[in-house]
Amino acid sequence: MMEGTAGVSGHRYADEALLDDAAQLSERDPGGMLRHTASAGAQVRESAALAAEANLSVLADDGRPRAVVIAGIGTAGRTGDVLATVAGPRCPVPVIPHRSAGVPGWVGAADVVIAVSASGRSPEALGAAEAAHRRGARLVAVGAPDSQLQSVAERARAPFIPVPRRAPARASLWALTVPVLLAARTLGLVKVNEADLAETAARLDADADRCRPTAESFVNPAKSLALGLSGSIPIVWGSSPLATVAARRFGDTLSANARYPVVAGALGEAGRGRVGLLDGVFGGLAEGERDIFADPGVDESDGTRLRLVLLRDGGLNADDDTDEPLAVEERRADAVQTLAERRGVRCDVVTAEGGSALERLASLVAVPDFASIYLALAHGLDPMAVPAITEMKELANQ
C-alpha cells in the first residue's frame, strides 16, 4: 500500500449488479448517505419551522440593506448561489456569496451578513460573523445549535437559526438553504411563500421515492444516471443560471461522494471555449476510434471518455429582465446536444419541473444527488467517509 492510502478502499470499475441489490447497498452505506439524501423534503419542512421560531423580524427594522453577503464554504457556500438565483435579476440589492474568511472590505452598517455553517465552527462563517459584528452590519447566523457560531450571534444580539446536525454538510443543502431564503424574504428580497416551500418539499419527497434503493435501475433515474456516468469524465452544464447552480452542486457531490473529476458550469460560458472538450482526446477523438461492432461492455473499459449531463431549466423567465431569454437558452441547449450526438459523446438530460424557481431547482438537484451516491457504492466506496479530507486536515494542522 502506498503511503497515505490507509482507509482508501473500493474498485476502479463499477459493479452494476450491486445497484439492484438493496441489501448490499445498505451494507456498503454504513453512514446512511442514501437515507440522509432522502430526508431532503423533511429538511425543508423542519428548517422552515425553525426559521419561523427565530426572531427574523428584527432584520426588517432598519429597512432594505445596501447589499447582502452570504458567508460560508462548501455546501454552506452554495446557499448563497441559491439565494442569488432565486432572487433573480430583479432583486433590488446585490446578493453576494462569499467563501473566504472575514467579509469584503466595503461591508458596513448598511449591509446584512448571513453566516452559514452546518457544524457552526467553520473559520469562514465564524470570521464573517465576527467581522460583521465589529463593523455594525446586521447579522444572521445559520448552523448547528450550541455551537461557536451561535455564541457569536448571541454576543452580537443577532438572529440565530439552529439547524440540527443530522447529516454531513453535503447532505444538508436544504436544511441550510431554507433559513437563508427566509431571512432574505424578511428583508423583502425574494418571494418565497409557504406554498413554494410545501411544493418543493413534496417534489423532493417524490424524487426520493423514485430514487429509492429498492427501485431497480431501469425505473430508477438516479441509478440509470450513475450507470451512464460510470468510468467517464462527467461534464455537467446548466442551461440557465438556476440550472447552473444545480450543475455545480452535482459537481460537488460527484467529487465528494463518488470521487470523480468533474467539469461543471454554465452552458453559456461553455460556448465560449469549453465546448471544445467535445472535440478532444476524451471526446470526439476517442469516440471516433471506437469499434462500433465491438462488445459495448468490453469496449467501454478500453479508455476514459466524456459523458455530458445537461441540466435544462426551460424556466419561467419570460417576464424577467434576464440577459439570456428562455429561447436563447433552449436553442443553445439543443445545439450542444446535437454537437455531442455528432461526436458520439453520450448525453444525459435532466429537465426541470415545477412552478416556482425553488421547486424547479429541487427537481434538478434531487436525482443527481442520489446518482452521486449510487456511483460511489457501485465502486465500493463509502460515500460518507472521505479519507483524503481527514488526512488533509491532519496535515494542515501540523
# chains A, B, ... in the order shown; residues from 1 in each chain; ligands from 1
>>> residues_around(residues="region 119-125 of chain A", least_positions_apart="4", cutoff="7 Å", atoms="only C-alpha atoms", output="PyMOL selection string")
chain A and resi 71-73+99-102+115+129+143-144+147-149+165
>>> select_by_dssp(residues="region 330-379 of chain A", states="strand (DSSP E)", output="count of residues only")
6
>>> residues_around(residues="Arg274 (chain A)", least_positions_apart="2", cutoff="12 Å", atoms="only C-alpha atoms", output="list of chain:residue names")
A:Ile235, A:Val236, A:Trp237, A:Val263, A:Ala264, A:Gly265, A:Ala266, A:Leu267, A:Gly268, A:Glu269, A:Ala270, A:Gly271, A:Arg272, A:Gly276, A:Leu277, A:Leu278, A:Asp279, A:Gly280, A:Gly283, A:Val336
>>> residues_around(residues="Val44 (chain A)", least_positions_apart="4", cutoff="7 Å", atoms="only C-alpha atoms", output="PyMOL selection string")
chain A and resi 40+48+174-175+178+197+201
>>> closest_atom_pairs(of="region 22-119 of chain A", to="region 351-362 of chain A", cutoff="9 Å", atoms="only C-alpha atoms", output="JSON lines")
{"residue": "A:Val82", "atom": "CA", "partner": "A:Leu358", "partner_atom": "CA", "distance": 8.5}
{"residue": "A:Thr85", "atom": "CA", "partner": "A:Ala357", "partner_atom": "CA", "distance": 8.4}
{"residue": "A:Val86", "atom": "CA", "partner": "A:Ala357", "partner_atom": "CA", "distance": 6.0}
>>> residues_around(residues="Asp62 (chain A)", least_positions_apart="6", cutoff="10 Å", atoms="only C-alpha atoms", output="JSON, numbers by chain")
{"A": [110, 138, 187]}
>>> residues_around(residues="Asp207 (chain A)", least_positions_apart="4", cutoff="8 Å", atoms="only C-alpha atoms", output="VMD selection string")
chain A and resid 203 211 363 366 to 367
>>> write_last_selection(atoms="N, CA and C atoms", output="PDB file, in the first residue's frame")
ATOM      1  N   ARG A 203     -41.897  17.774  -3.892  1.00  0.00           N
ATOM      2  CA  ARG A 203     -41.078  17.356  -5.046  1.00  0.00           C
ATOM      3  C   ARG A 203     -39.887  16.525  -4.591  1.00  0.00           C
ATOM      4  N   CYS A 211     -36.110   7.383  -6.507  1.00  0.00           N
ATOM      5  CA  CYS A 211     -34.691   7.019  -6.445  1.00  0.00           C
ATOM      6  C   CYS A 211     -34.372   6.076  -5.287  1.00  0.00           C
ATOM      7  N   SER A 363     -35.979  19.967  -8.413  1.00  0.00           N
ATOM      8  CA  SER A 363     -36.146  18.900  -9.404  1.00  0.00           C
ATOM      9  C   SER A 363     -34.857  18.622 -10.179  1.00  0.00           C
ATOM     10  N   ALA A 366     -32.260  16.787  -6.999  1.00  0.00           N
ATOM     11  CA  ALA A 366     -32.566  15.552  -6.266  1.00  0.00           C
ATOM     12  C   ALA A 366     -31.989  14.310  -6.928  1.00  0.00           C
ATOM     13  N   VAL A 367     -32.309  14.075  -8.195  1.00  0.00           N
ATOM     14  CA  VAL A 367     -31.839  12.851  -8.866  1.00  0.00           C
ATOM     15  C   VAL A 367     -30.310  12.824  -8.950  1.00  0.00           C
TER      16      VAL A 367
END
>>> closest_residue(among="A:Ala376, A:Val386, A:Val219, A:Leu306", to="Arg12 (chain A)", atoms="only C-alpha atoms")
A:Ala376
>>> residues_around(residues="Arg249 (chain A)", least_positions_apart="5", cutoff="9 Å", atoms="only C-alpha atoms", output="ChimeraX atom specification")
/A:75,78,244,254,264,365,368-369
>>> closest_residue(among="A:Ala137, A:Leu173, A:Val95, A:Ala128", to="Ala246 (chain A)", atoms="only C-alpha atoms")
A:Leu173
>>> atom_distance(atom1="CA of Asn257 (chain A)", atom2="CA of Ala371 (chain A)")
9.7 Å
>>> closest_atom_pairs(of="region 196-279 of chain A", to="region 26-30 of chain A", cutoff="12 Å", atoms="only C-alpha atoms", output="JSON lines")
{"residue": "A:Arg212", "atom": "CA", "partner": "A:Ser26", "partner_atom": "CA", "distance": 11.3}
{"residue": "A:Pro213", "atom": "CA", "partner": "A:Ser26", "partner_atom": "CA", "distance": 8.3}
{"residue": "A:Thr214", "atom": "CA", "partner": "A:Ser26", "partner_atom": "CA", "distance": 10.3}
{"residue": "A:Asn257", "atom": "CA", "partner": "A:Asp29", "partner_atom": "CA", "distance": 11.2}
>>> atom_distance(atom1="CA of Arg64 (chain A)", atom2="CA of Ala153 (chain A)")
20.6 Å
>>> select_by_dssp(residues="region 91-331 of chain A", states="alpha helix (DSSP H)", output="number ranges by chain")
A: 123-135, 148-155, 173-186, 194-210, 221-229, 241-258, 267-270, 284-288, 296-299, 326-331
>>> closest_residue(among="A:Arg66, A:Arg35, A:Arg312, A:His379", to="Tyr260 (chain A)", atoms="only C-alpha atoms")
A:His379
>>> atom_distance(atom1="CA of Gly238 (chain A)", atom2="CA of Pro94 (chain A)")
22.3 Å
>>> closest_residue(among="A:Gly344, A:Pro162, A:Pro325, A:Gly231", to="Glu46 (chain A)", atoms="only C-alpha atoms")
A:Pro162
